[in-house]
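Q: Below is a structure I'd like to ask you about.
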Amino acid sequence: MGREYRTEELAERAGITVRTLRFYRERKLLQPPRREGRIAWYGEGHLSRLRTIAALLDRGHTLGGIAELISAFESGRDVRGAAELLGLEETLTKPWSEETPVRITPEELADRFAGEVSPENLATSIDMGYVAVEGEEFIHVSRRLLDASSKLVARGVPLAAVLAAAREVRAHADDLAELFTALIRVHVLADVMETPAGELTGEQVERLTDALEQLRPVSMDVLEAEVAMAMDRRVRKEFEEWKRTRAGSTAEEPEG
């Protein structure tokens with residue numbers, strides 16, 4: 001059995017409120033949870049469905065239309081249309097990352113970044129999507145990024161500089177993501193990409209799903225290896241430049 005979530009945990013992972021989660025249940029947009037006494041347990045399938053709903057809403061679908069798609073998908077009707085479209089949406093919106101959102105109070109956030117949580121830095125974090133406001137608390141999108149940024153600040157790097165660097169990293173990451181997806185789009189799935197989503201065959205959907213599943217670990221391995229080797233090269237270069245600079249300054253010191 002995969003990981004399971006209580007109601008509050010699932011809502012937090014999906015980036016919605018508990019009230020919204022219950023509303024989706026009432027509208028039959030979400031399959032029933034597993035019950036253990038009075039406790040409702042949700043699985044990864046529920047999380048994937050919630051992310052699919054969010055993606056469809058972003059694309060302009062209404063909740064009524066989404067409910068119809070889900071109904072067609074679950075009953076097996078119109079396999080070449082609604083069912084395949086929803087299945088494809090779930091494949092495409094399945095998260096590549098396994099980031100854990102963090103619920104944090106303003107006081108806890110201030111403690112993590114002592115003296116650095118200015119209105120400007122907070123506005124930048126919200127604008128970049130790192131932080132969202134929910135009631136009187138904040139939700140940070142990633143525990144790993146929160147921990148990394150707080151460690152950099154603790155080492156003396158201003159939070160404004162961390163956020164500025166994050167913008168550059170994101171831009172490079174977007175370029176790398178486009179590079180990898182283009183490889184698959186052009187060389188593996190050219191015929192699939194030319195077919196309207198509602199007309200995809202089961203074989204094409206399977207090929208697309210398989211290609212994406214294989215791209216996930218391959219792209220992560222390549223990026224991790226290249227970044228690690230780039231850091232090796234950069235650190236060695238910085239060290240050599242530092243040694244040359246120190247050697248030059250020592251040679252220029254007057255005797256005496």
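Going by the structure tokens order, chains are called A, B, ..., each with residues numbered from 1, while ligands are numbered from 1 in the order shown.
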Which neighbours of Asn121 in chain A fall inside 12 Å, counting only C-alpha atoms, when residues of the same chain fewer than 3 positions from it are skipped, and could you give them as a ChimeraX atom specification?
A: /A:109-110,113,115-118,124-128,130-131,158-164
Q: For Ala177 in chain A, work out the shell of residues within 12 Å, counting only C-alpha atoms and skipping chain neighbours fewer than 6 positions away, then give it as a PyMOL selection string.
A: chain A and resi 96+170-171+183-185+215-216+219-220+222-223
Q: Quick one: of A:Leu47, A:Leu29, A:Val157, A:Val18, who's nearest to Glu4 in chain A, counting only C-alpha atoms?
A: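 When distances to Glu4 in chain A are compared using only C-alpha atoms, the smallest one comes from A:Leu47.
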Q: Distance CA of Ala165 in chain A-CA of Thr181 in chain A, one decimal place?
A: 24.3 Å
Q: Taking into account only C-alpha atoms, which residue in the set A:Ile139, A:Ile39, A:Val169, A:Ala230 is nearest to Ala11 in chain A?
A: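 Result for the nearest residue to Ala11 in chain A: A:Ile139.
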Q: As number ranges by chain, list the residues of range 27-238 of chain A assigned to helix (DSSP H, G or I) by DSSP on the backbone atoms of this structure.
A: A: 44-58, 63-75, 79-93, 106-112, 119-127, 143-154, 159-187, 190-193, 197-199, 202-238
Q: In Å to one decimal, how far is CA of Pro217 in chain A from CA of Val102 in chain A?
A: 25.1 Å
Q: Report as a PyMOL selection string: the residues of range 2-213 of chain A with a DSSP assignment of strand (DSSP E or B), based on the backbone of this structure.
A: chain A and resi 5+34-36+39-42+102-104+131-134+137-140
Q: Using N, CA and C atoms, can you export the residues from the last selection as a CSV table (one decimal), in the first residue's frame?
A:
chain,number,residue,atom,x,y,z
A,5,TYR,N,-3.0,9.6,3.5
A,5,TYR,CA,-3.1,10.9,4.1
A,5,TYR,C,-4.4,11.1,4.8
A,34,ARG,N,-10.6,5.5,2.1
A,34,ARG,CA,-10.7,4.3,2.9
A,34,ARG,C,-11.0,4.7,4.4
A,35,ARG,N,-11.9,4.0,5.0
A,35,ARG,CA,-12.4,4.4,6.3
A,35,ARG,C,-11.7,3.4,7.3
A,36,GLU,N,-11.3,4.0,8.4
A,36,GLU,CA,-10.8,3.2,9.5
A,36,GLU,C,-11.4,3.8,10.8
A,39,ILE,N,-11.8,7.7,11.0
A,39,ILE,CA,-10.7,8.4,10.2
A,39,ILE,C,-10.8,8.0,8.8
A,40,ALA,N,-10.8,9.0,7.9
A,40,ALA,CA,-10.8,8.9,6.5
A,40,ALA,C,-9.3,8.9,6.0
A,41,TRP,N,-8.9,7.9,5.2
A,41,TRP,CA,-7.6,7.8,4.7
A,41,TRP,C,-7.6,7.9,3.2
A,42,TYR,N,-6.8,8.9,2.6
A,42,TYR,CA,-6.7,9.1,1.2
A,42,TYR,C,-5.3,8.7,0.7
A,102,VAL,N,5.1,23.1,3.6
A,102,VAL,CA,5.3,23.3,5.1
A,102,VAL,C,4.3,24.4,5.5
A,103,ARG,N,3.5,24.1,6.5
A,103,ARG,CA,2.7,25.1,7.1
A,103,ARG,C,3.5,25.8,8.2
A,104,ILE,N,3.5,27.1,8.2
A,104,ILE,CA,4.4,27.8,9.1
A,104,ILE,C,3.8,29.2,9.5
A,131,VAL,N,5.7,30.9,-1.4
A,131,VAL,CA,4.9,31.1,-0.2
A,131,VAL,C,3.5,31.5,-0.6
A,132,ALA,N,2.5,30.9,0.1
A,132,ALA,CA,1.1,31.2,-0.1
A,132,ALA,C,0.5,31.6,1.3
A,133,VAL,N,-0.4,32.5,1.3
A,133,VAL,CA,-1.0,32.9,2.6
A,133,VAL,C,-2.3,32.1,2.7
A,134,GLU,N,-2.5,31.5,3.9
A,134,GLU,CA,-3.8,30.8,4.2
A,134,GLU,C,-4.2,31.1,5.6
A,137,GLU,N,-1.6,31.9,8.6
A,137,GLU,CA,-0.4,31.1,8.4
A,137,GLU,C,0.1,31.2,7.0
A,138,PHE,N,1.3,30.8,6.8
A,138,PHE,CA,1.9,30.7,5.4
A,138,PHE,C,2.1,29.2,5.1
A,139,ILE,N,2.1,28.9,3.8
A,139,ILE,CA,2.4,27.6,3.4
A,139,ILE,C,3.5,27.7,2.4
A,140,HIS,N,4.7,27.1,2.7
A,140,HIS,CA,5.8,27.1,1.8
A,140,HIS,C,5.7,25.9,1.0
Q: So which residues touch Leu21 in chain A within 12 Å, counting only C-alpha atoms, skipping near sequence neighbours fewer than 3 positions away, as a count of residues only?
A: 31
Q: Using Å and a single decimal, report how far CA of Glu136 in chain A sits from CA of Pro106 in chain A.
A: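 Here the two named atoms are 7.9 Å from each other.
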